[in-house]
Amino acid sequence: MKQIVFFLIVSLVCVFLLRILFFSDNQAELTVNRFEQDLFSINEENVFKKSSKWGETFGSFNEFFSKEILQTSTMDEENYCNALLAFTRNQDMREAYDSIVHLFSDFSEEETVLASAFARFSDHFPAYPVPEVTTFFGGFHYGVITYDNNIGIGLENFLGKNSKYYQYLGDPQYIRFQKQKRFICSNVMEAWFNEFFQRYIGGRDFLSQIIYKGKMMYFLDKMLPNMEMADKFRFTSQQMLWVEKNEYSIWEFFIEEDLLFSKRESEFRSFVHYAPFAKGMPKGAPARVAYFIGYEMVKEYMSNNKIDIEELMYLTDSREFLRKSKYKPTK
């Protein structure tokens with residue numbers, strides 16, 4: 001009898017632990033709209049009926065699409081419907097949409113990740129809204145956009161680094177690498193971060209940029225804890241390994257080149273923006289290395305100061321931040 005009771009207790013504990021491991025993530029009530037599917041279902045017979053309902057179905061995204069993608073804000077109803085038909089009948093557009101259908105007919109994996117991420121966002125930032133997410137096809141003009149406290153995802157910008165469309169567009173290899181499906185969720189959360197916290201950069205100098213990018217990566221790490229670190233940074237695995245091994249050398253380079261308080265973006269552009277390489281650094285150094293240094297600095301700050309993540313967002317004094325972080329990488 002004792003053995004049976006013991007077995008039952010052990011079984012219950014195991015079940016409890018498994019639930020913690022696999023089912024502990026909360027899910028936000030996230031609405032995901034598939035605008036591109038409705039758009040490419042139109043024809044001459046239904047275009048007026050369908051498009052007249054988009055304001056109700058897709059909210060203000062319909063207005064964004066009309067103004068920014070089709071640029072039809074001054075058209076009457078008939079010409080607007082004709083513009084929609086012309087857009088969807090274009091052979092290149094239709095072929096690109098077919099690629100979206102092939103790759104994104106099922107968006108449930110991304111939806112699950114984002115629902116968990118926005119649940120964490122609500123926990124940490126309860127006063128801020130959870131967006132509706134609308135996927136769309138925009139003719140390769142927009143990746144992830146924010147509008148009226150909502151998010152749009154241009155799926156044609158995530159067809160994979162080997163997609164022929166990016167070759168047609170002349171995108172360099174380092175840009176094509178960013179256009180992979182696995183980077184959608186990190187792009188979405190980065191855009192959401194910028195929507196509310198970009199105003200707290202604090203200054204135009206490089207140190208302020210480093211800290212801001214570090215806050216962004218710390219935010220992504222908290223919102224997307226199960227994602228590979230390299231994917232959060234949008235580095236290759238080799239690039240991630242390089243920055244981890246060379247943290248001291250990167251920081252030393254910034255100091256020796258007297259960059260920290262520079263306000264001349266041309267001196268540090270490749271360290272905070274996409275580029276083929278980090279200018280002046282060894283061959284293995286990826287662009288955007290400041291994201292990694294900033295992330296490590298922010299982690300140190302959070303370890304040495306008792307504040308929560310929302311309070312972190314509002315800190316704008318970069319020199320004071322550096323001092324309080326006690327950041328000093330070692331060889």
# chains A, B, ... in the order shown; residues from 1 in each chain; ligands from 1
call {"tool": "residues_around", "arguments": {"residues": "Asn187 in chain A", "least_positions_apart": "5", "cutoff": "10 Å", "atoms": "only C-alpha atoms", "output": "PyMOL selection string"}}
result
chain A and resi 143-145+153+178+182+192-193+220+232-234
call {"tool": "closest_atom_pairs", "arguments": {"of": "range 187-298 of chain A", "to": "range 305-317 of chain A", "cutoff": "8 Å", "atoms": "only C-alpha atoms", "output": "Markdown table"}}
result
| residue | atom | partner | partner_atom | distance |
| --- | --- | --- | --- | --- |
| A:Phe197 | CA | A:Met313 | CA | 6.6 |
| A:Tyr200 | CA | A:Thr316 | CA | 5.9 |
| A:Ile201 | CA | A:Thr316 | CA | 6.2 |
| A:Gly202 | CA | A:Thr316 | CA | 4.4 |
| A:Gly203 | CA | A:Thr316 | CA | 7.8 |
| A:Ser208 | CA | A:Thr316 | CA | 7.8 |
| A:Lys215 | CA | A:Met313 | CA | 7.0 |
| A:Phe219 | CA | A:Ile309 | CA | 7.8 |
call {"tool": "write_last_selection", "arguments": {"atoms": "N, CA, C and O atoms", "output": "PDB file, in the first residue's frame"}}
result
ATOM      1  N   PHE A 197       9.194  52.971 -26.853  1.00  0.00           N
ATOM      2  CA  PHE A 197      10.364  53.330 -26.059  1.00  0.00           C
ATOM      3  C   PHE A 197      11.467  54.054 -26.826  1.00  0.00           C
ATOM      4  O   PHE A 197      12.467  54.444 -26.234  1.00  0.00           O
ATOM      5  N   TYR A 200      12.944  57.304 -25.553  1.00  0.00           N
ATOM      6  CA  TYR A 200      13.831  57.326 -24.394  1.00  0.00           C
ATOM      7  C   TYR A 200      15.278  56.979 -24.753  1.00  0.00           C
ATOM      8  O   TYR A 200      16.037  56.521 -23.904  1.00  0.00           O
ATOM      9  N   ILE A 201      15.675  57.208 -26.006  1.00  0.00           N
ATOM     10  CA  ILE A 201      17.060  56.937 -26.388  1.00  0.00           C
ATOM     11  C   ILE A 201      18.012  57.779 -25.549  1.00  0.00           C
ATOM     12  O   ILE A 201      19.052  57.302 -25.113  1.00  0.00           O
ATOM     13  N   GLY A 202      17.677  59.019 -25.325  1.00  0.00           N
ATOM     14  CA  GLY A 202      18.480  59.844 -24.422  1.00  0.00           C
ATOM     15  C   GLY A 202      19.482  60.747 -25.096  1.00  0.00           C
ATOM     16  O   GLY A 202      19.882  61.772 -24.539  1.00  0.00           O
ATOM     17  N   GLY A 203      19.949  60.414 -26.289  1.00  0.00           N
ATOM     18  CA  GLY A 203      20.918  61.265 -26.960  1.00  0.00           C
ATOM     19  C   GLY A 203      21.328  60.702 -28.307  1.00  0.00           C
ATOM     20  O   GLY A 203      20.993  59.566 -28.660  1.00  0.00           O
ATOM     21  N   SER A 208      24.649  56.328 -26.079  1.00  0.00           N
ATOM     22  CA  SER A 208      23.189  56.290 -25.948  1.00  0.00           C
ATOM     23  C   SER A 208      22.587  55.253 -26.885  1.00  0.00           C
ATOM     24  O   SER A 208      21.637  54.538 -26.531  1.00  0.00           O
ATOM     25  N   LYS A 215      18.895  47.751 -24.339  1.00  0.00           N
ATOM     26  CA  LYS A 215      17.558  47.643 -23.745  1.00  0.00           C
ATOM     27  C   LYS A 215      16.640  46.828 -24.658  1.00  0.00           C
ATOM     28  O   LYS A 215      15.849  45.993 -24.198  1.00  0.00           O
ATOM     29  N   PHE A 219      14.876  43.386 -23.675  1.00  0.00           N
ATOM     30  CA  PHE A 219      13.426  43.273 -23.837  1.00  0.00           C
ATOM     31  C   PHE A 219      13.080  42.027 -24.647  1.00  0.00           C
ATOM     32  O   PHE A 219      12.222  41.223 -24.255  1.00  0.00           O
TER      33      PHE A 219
END
call {"tool": "residues_around", "arguments": {"residues": "range 256-273 of chain A", "least_positions_apart": "6", "cutoff": "9 Å", "atoms": "only C-alpha atoms", "output": "ChimeraX atom specification"}}
result
/A:203-210,213,279,286-291
call {"tool": "closest_residue", "arguments": {"among": "A:Phe321, A:Ile100, A:Tyr128, A:Lys181", "to": "Glu156 in chain A", "atoms": "only C-alpha atoms"}}
result
A:Ile100
call {"tool": "atom_distance", "arguments": {"atom1": "CA of Gln37 in chain A", "atom2": "CA of Thr72 in chain A"}}
result
20.1 Å
call {"tool": "select_by_dssp", "arguments": {"residues": "range 27-189 of chain A", "states": "strand (DSSP E or B)", "output": "ChimeraX atom specification"}}
result
/A:32-34,133-136,144-147,150-154
call {"tool": "write_last_selection", "arguments": {"atoms": "C-alpha atoms", "output": "CSV table (one decimal), in the first residue's frame"}}
result
chain,number,residue,atom,x,y,z
A,32,VAL,CA,-4.3,37.7,-36.1
A,33,ASN,CA,-5.9,38.9,-39.4
A,34,ARG,CA,-4.9,37.5,-42.8
A,133,VAL,CA,-1.6,41.6,-35.8
A,134,THR,CA,-2.4,41.8,-39.5
A,135,THR,CA,-0.4,39.8,-42.1
A,136,PHE,CA,-0.4,41.3,-45.6
A,144,VAL,CA,7.0,44.9,-40.0
A,145,ILE,CA,5.1,48.1,-39.4
A,146,THR,CA,3.2,49.6,-36.5
A,147,TYR,CA,0.0,51.6,-37.0
A,150,ASN,CA,-1.4,47.6,-34.0
A,151,ILE,CA,1.2,45.6,-36.1
A,152,GLY,CA,1.3,44.6,-39.7
A,153,ILE,CA,3.6,41.9,-41.1
A,154,GLY,CA,4.5,42.0,-44.8
call {"tool": "atom_distance", "arguments": {"atom1": "CA of Phe158 in chain A", "atom2": "CA of Ile175 in chain A"}}
result
11.1 Å
